[in-house]
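Asks: Okay, here's the structure, questions in a sec.
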Amino acid sequence: MTVLTKIIGVGLPKTGTNSLAAALELLGVSNIAHRPDLVLERYRRSGRWEMGKLDACMDINPWVLPAIRRSYPGAMLLHTIRPLKEWLASCEAHFTRRPDHNQLGRLEIFGVTRWCQSAFTDTHRAHGRYVAEFFKQDIGPHTVFDVRDGWPPLCGALDIPAPPQSFPHKNEQGVRNKWKPNAYKS
């Protein structure tokens, strides 16, 4: 079994990051943060990535990958992906339903604070290229993960056996079953 210091989901929002967080919890990972605002705020001030007691975090903006790798050379970087057309539909539904939520995060990730299909399309493509290029040069553990594939690729990347439970698909189209952490301490 691989010993990892941290697990970091580097996929865009709406790429299965809630499902990934729920899956990690089923695998025994504790102290998971989804869009870890405290960690991001510390990074904005210091330029260093410090997760404290967090074992895993999701929805991380890609420009922090070099800082993450410097701070945690053994961290597993999981790039959750989703096909563009599906992702855009999910983003439009989510971001038009909550137009004023987390405007700073939206500006940092998408360059806009409101739903804009062209900006989101550009972000999806640029994010994919940036992470792929980073992974080509990265010597630490990393993988690309589509949550629709379930346990086999995730458990294979983490070098652990798959649990008997079904893979937890959260926020499926039309279903609101958002992951809620058992514990969060940063």
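Within each chain, counting starts at residue 1; across the structure tokens, chains are named A, B, ... in the order shown, with ligands numbered 1 upward in that order.
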Taking 6 positions as the minimum chain separation for residues in the same chain, which residues sit within 8 Å of region 102-116 of chain A when counting only C-alpha atoms? Answer as a VMD selection string.
Replies: chain A and resid 61 91 to 92 95 to 96 123
Asks: Would you write out those residues with N, CA, C and O atoms, as a PDB file, in the first residue's frame?
Replies:
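File written: part.pdb
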ATOM      1  N   ASN A  61      -7.605  25.336  -7.527  1.00  0.00           N
ATOM      2  CA  ASN A  61      -7.250  26.049  -8.750  1.00  0.00           C
ATOM      3  C   ASN A  61      -5.885  25.562  -9.241  1.00  0.00           C
ATOM      4  O   ASN A  61      -4.966  25.397  -8.450  1.00  0.00           O
ATOM      5  N   CYS A  91     -22.545  23.119 -15.009  1.00  0.00           N
ATOM      6  CA  CYS A  91     -22.128  24.449 -14.537  1.00  0.00           C
ATOM      7  C   CYS A  91     -23.236  25.471 -14.727  1.00  0.00           C
ATOM      8  O   CYS A  91     -23.504  26.273 -13.829  1.00  0.00           O
ATOM      9  N   GLU A  92     -23.881  25.453 -15.880  1.00  0.00           N
ATOM     10  CA  GLU A  92     -24.949  26.424 -16.123  1.00  0.00           C
ATOM     11  C   GLU A  92     -26.059  26.261 -15.090  1.00  0.00           C
ATOM     12  O   GLU A  92     -26.519  27.252 -14.507  1.00  0.00           O
ATOM     13  N   PHE A  95     -24.485  27.385 -11.529  1.00  0.00           N
ATOM     14  CA  PHE A  95     -24.092  28.785 -11.369  1.00  0.00           C
ATOM     15  C   PHE A  95     -25.223  29.768 -11.638  1.00  0.00           C
ATOM     16  O   PHE A  95     -25.183  30.891 -11.162  1.00  0.00           O
ATOM     17  N   THR A  96     -26.244  29.366 -12.378  1.00  0.00           N
ATOM     18  CA  THR A  96     -27.396  30.260 -12.533  1.00  0.00           C
ATOM     19  C   THR A  96     -28.356  30.113 -11.357  1.00  0.00           C
ATOM     20  O   THR A  96     -29.069  31.052 -11.025  1.00  0.00           O
ATOM     21  N   THR A 123     -12.125  28.096 -19.875  1.00  0.00           N
ATOM     22  CA  THR A 123     -11.532  27.620 -18.630  1.00  0.00           C
ATOM     23  C   THR A 123     -11.362  26.105 -18.650  1.00  0.00           C
ATOM     24  O   THR A 123     -10.308  25.588 -18.263  1.00  0.00           O
TER      25      THR A 123
END
Asks: DSSP on the backbone, then: every residue of region 25-150 of chain A marked strand (DSSP E or B), written as a list in words.
Replies: Ile32, Ala33, His34, Ala56, Cys57, Met58, Met76, Leu77, Leu78, His79, Thr80, His142, Thr143, Val144 and Phe145 of chain A
Asks: Take the residues from that selection and write them out as a JSON list (two decimals), in the first residue's frame, keeping C-alpha atoms.
Replies:
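Contents of result23.json, as written:
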[["chain", "number", "residue", "atom", "x", "y", "z"],
["A", 32, "ILE", "CA", -11.47, 16.36, 3.86],
["A", 33, "ALA", "CA", -12.22, 19.91, 2.71],
["A", 34, "HIS", "CA", -14.13, 20.84, -0.40],
["A", 56, "ALA", "CA", -7.44, 15.80, 1.47],
["A", 57, "CYS", "CA", -8.97, 18.75, -0.33],
["A", 58, "MET", "CA", -10.91, 19.23, -3.58],
["A", 76, "MET", "CA", -1.41, 12.34, -4.72],
["A", 77, "LEU", "CA", -2.82, 14.82, -7.22],
["A", 78, "LEU", "CA", -6.16, 13.60, -8.63],
["A", 79, "HIS", "CA", -7.36, 15.47, -11.71],
["A", 80, "THR", "CA", -11.10, 14.82, -11.95],
["A", 142, "HIS", "CA", -0.71, 11.94, -9.88],
["A", 143, "THR", "CA", -3.53, 10.61, -12.04],
["A", 144, "VAL", "CA", -6.49, 11.66, -14.16],
["A", 145, "PHE", "CA", -9.79, 10.33, -12.83]]
Asks: Do a neighbour search on Trp63 (chain A) at 10 Å with only C-alpha atoms, toss out local chain neighbours closer than 6 positions, and write the hits as number ranges by chain.
Replies: A: 10, 108-109, 127, 130-131, 134
Asks: Okay, now the selection with all heavy atoms, as a PDB file, in the first residue's frame?
Replies:
ATOM      1  N   VAL A  10      -7.534  18.131  -8.051  1.00  0.00           N
ATOM      2  CA  VAL A  10      -7.212  19.331  -8.815  1.00  0.00           C
ATOM      3  C   VAL A  10      -8.138  19.530 -10.021  1.00  0.00           C
ATOM      4  O   VAL A  10      -7.810  20.271 -10.935  1.00  0.00           O
ATOM      5  CB  VAL A  10      -5.727  19.345  -9.256  1.00  0.00           C
ATOM      6  CG1 VAL A  10      -4.827  19.365  -8.038  1.00  0.00           C
ATOM      7  CG2 VAL A  10      -5.397  18.174 -10.160  1.00  0.00           C
ATOM      8  N   GLU A 108     -11.486  33.815  -9.638  1.00  0.00           N
ATOM      9  CA  GLU A 108     -10.169  33.187  -9.698  1.00  0.00           C
ATOM     10  C   GLU A 108     -10.135  32.018 -10.684  1.00  0.00           C
ATOM     11  O   GLU A 108      -9.161  31.831 -11.391  1.00  0.00           O
ATOM     12  CB  GLU A 108      -9.754  32.686  -8.314  1.00  0.00           C
ATOM     13  CG  GLU A 108      -9.380  33.791  -7.368  1.00  0.00           C
ATOM     14  CD  GLU A 108      -9.004  33.271  -5.991  1.00  0.00           C
ATOM     15  OE1 GLU A 108      -9.426  32.165  -5.609  1.00  0.00           O
ATOM     16  OE2 GLU A 108      -8.274  33.992  -5.299  1.00  0.00           O
ATOM     17  N   ILE A 109     -11.186  31.219 -10.702  1.00  0.00           N
ATOM     18  CA  ILE A 109     -11.196  30.022 -11.545  1.00  0.00           C
ATOM     19  C   ILE A 109     -11.614  30.334 -12.983  1.00  0.00           C
ATOM     20  O   ILE A 109     -10.960  29.907 -13.932  1.00  0.00           O
ATOM     21  CB  ILE A 109     -12.124  28.937 -10.961  1.00  0.00           C
ATOM     22  CG1 ILE A 109     -11.585  28.458  -9.611  1.00  0.00           C
ATOM     23  CG2 ILE A 109     -12.254  27.756 -11.930  1.00  0.00           C
ATOM     24  CD1 ILE A 109     -12.530  27.539  -8.855  1.00  0.00           C
ATOM     25  N   HIS A 127      -7.688  24.667 -18.417  1.00  0.00           N
ATOM     26  CA  HIS A 127      -7.404  23.881 -17.213  1.00  0.00           C
ATOM     27  C   HIS A 127      -6.872  22.511 -17.604  1.00  0.00           C
ATOM     28  O   HIS A 127      -5.859  22.048 -17.070  1.00  0.00           O
ATOM     29  CB  HIS A 127      -8.679  23.757 -16.367  1.00  0.00           C
ATOM     30  CG  HIS A 127      -8.491  23.010 -15.094  1.00  0.00           C
ATOM     31  ND1 HIS A 127      -8.583  21.638 -15.024  1.00  0.00           N
ATOM     32  CD2 HIS A 127      -8.217  23.426 -13.846  1.00  0.00           C
ATOM     33  CE1 HIS A 127      -8.384  21.250 -13.780  1.00  0.00           C
ATOM     34  NE2 HIS A 127      -8.157  22.319 -13.039  1.00  0.00           N
ATOM     35  N   TYR A 130      -3.339  22.853 -18.935  1.00  0.00           N
ATOM     36  CA  TYR A 130      -2.378  23.216 -17.884  1.00  0.00           C
ATOM     37  C   TYR A 130      -2.048  22.007 -17.010  1.00  0.00           C
ATOM     38  O   TYR A 130      -0.874  21.726 -16.738  1.00  0.00           O
ATOM     39  CB  TYR A 130      -2.919  24.358 -17.026  1.00  0.00           C
ATOM     40  CG  TYR A 130      -1.959  24.776 -15.944  1.00  0.00           C
ATOM     41  CD1 TYR A 130      -0.945  25.694 -16.218  1.00  0.00           C
ATOM     42  CD2 TYR A 130      -2.037  24.241 -14.670  1.00  0.00           C
ATOM     43  CE1 TYR A 130      -0.036  26.064 -15.233  1.00  0.00           C
ATOM     44  CE2 TYR A 130      -1.134  24.600 -13.680  1.00  0.00           C
ATOM     45  CZ  TYR A 130      -0.138  25.509 -13.966  1.00  0.00           C
ATOM     46  OH  TYR A 130       0.766  25.864 -12.998  1.00  0.00           O
ATOM     47  N   VAL A 131      -3.074  21.299 -16.575  1.00  0.00           N
ATOM     48  CA  VAL A 131      -2.829  20.144 -15.697  1.00  0.00           C
ATOM     49  C   VAL A 131      -2.079  19.049 -16.456  1.00  0.00           C
ATOM     50  O   VAL A 131      -1.142  18.452 -15.926  1.00  0.00           O
ATOM     51  CB  VAL A 131      -4.141  19.612 -15.084  1.00  0.00           C
ATOM     52  CG1 VAL A 131      -3.893  18.340 -14.281  1.00  0.00           C
ATOM     53  CG2 VAL A 131      -4.780  20.678 -14.187  1.00  0.00           C
ATOM     54  N   PHE A 134       1.487  20.102 -16.639  1.00  0.00           N
ATOM     55  CA  PHE A 134       2.105  19.975 -15.318  1.00  0.00           C
ATOM     56  C   PHE A 134       2.412  18.502 -15.030  1.00  0.00           C
ATOM     57  O   PHE A 134       3.507  18.168 -14.568  1.00  0.00           O
ATOM     58  CB  PHE A 134       1.190  20.548 -14.230  1.00  0.00           C
ATOM     59  CG  PHE A 134       1.806  20.506 -12.863  1.00  0.00           C
ATOM     60  CD1 PHE A 134       2.668  21.505 -12.440  1.00  0.00           C
ATOM     61  CD2 PHE A 134       1.538  19.446 -12.007  1.00  0.00           C
ATOM     62  CE1 PHE A 134       3.259  21.450 -11.186  1.00  0.00           C
ATOM     63  CE2 PHE A 134       2.120  19.387 -10.745  1.00  0.00           C
ATOM     64  CZ  PHE A 134       2.980  20.388 -10.333  1.00  0.00           C
TER      65      PHE A 134
END
Asks: Have a look at A:Pro66, A:Pro164, A:Pro99, A:Gly128 and name the one nearest to Leu84 (chain A); count only C-alpha atoms.
Replies: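 Going through A:Pro66, A:Pro164, A:Pro99, A:Gly128 one by one, the smallest distance to Leu84 (chain A) is for A:Gly128.
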Asks: Mind checking which residues fall within 10 Å of Arg69 (chain A), counting only C-alpha atoms, ignoring those fewer than 3 positions away in the same chain, and posting them as an NGL selection string?
Replies: :A and (49 or 64-66 or 72-77 or 138-141)
Asks: Hey, which of A:Leu27, A:Ser19, A:Pro62, A:Ile7 ends up closest to Ala126 (chain A)? Count only C-alpha atoms.
Replies: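 That would be A:Pro62, the residue with the smallest distance to Ala126 (chain A).
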Asks: Quick one: pull the distance between CA of Arg82 (chain A) and CA of Thr15 (chain A), Å, one decimal.
Replies: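 According to the coordinates, CA of Arg82 (chain A) and CA of Thr15 (chain A) are separated by 5.2 Å.
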Asks: Which is closest to Arg129 (chain A) among A:Gly11, A:Asp149, A:Ala89, A:Pro36, if we use only C-alpha atoms?
Replies: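 Of all the options, A:Gly11 lies closest to Arg129 (chain A).
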Asks: Could you tell me which of A:Pro161, A:Pro153, A:Gly47, A:Gly9 comes closest to Ala21 (chain A) if we count only C-alpha atoms?
Replies: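 Nearest candidate to Ala21 (chain A) out of A:Pro161, A:Pro153, A:Gly47, A:Gly9: A:Gly9.
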Asks: Of the candidates A:Glu50, A:Gly28, A:Phe120, A:His101, which shows the shortest atom-to-atom distance to Ala162 (chain A), using only C-alpha atoms?
Replies: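 That would be A:Gly28, the residue with the smallest distance to Ala162 (chain A).
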Asks: Quick one: pull the distance between CA of Arg44 (chain A) and CA of Thr121 (chain A), Å, one decimal.
Replies: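 Those two atoms sit 25.5 Å apart.
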Asks: So, with only C-alpha atoms as the atoms that count, which of A:Glu41, A:Asp122, A:Glu133, A:Asp55 lies closest to Thr5 (chain A)?
Replies: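 Closest to Thr5 (chain A) of all the choices is A:Asp55.
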Asks: Just asking: which residues within region 20-159 of chain A are alpha helix (DSSP H) according to DSSP, as an NGL selection string?
Replies: :A and (20-26 or 37-46 or 65-71 or 84-97 or 103-110 or 117-137 or 151-158)
Asks: Distance CA of Arg70 (chain A)-CA of Pro152 (chain A), one decimal place?
Replies: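 CA of Arg70 (chain A) sits 28.6 Å away from CA of Pro152 (chain A).
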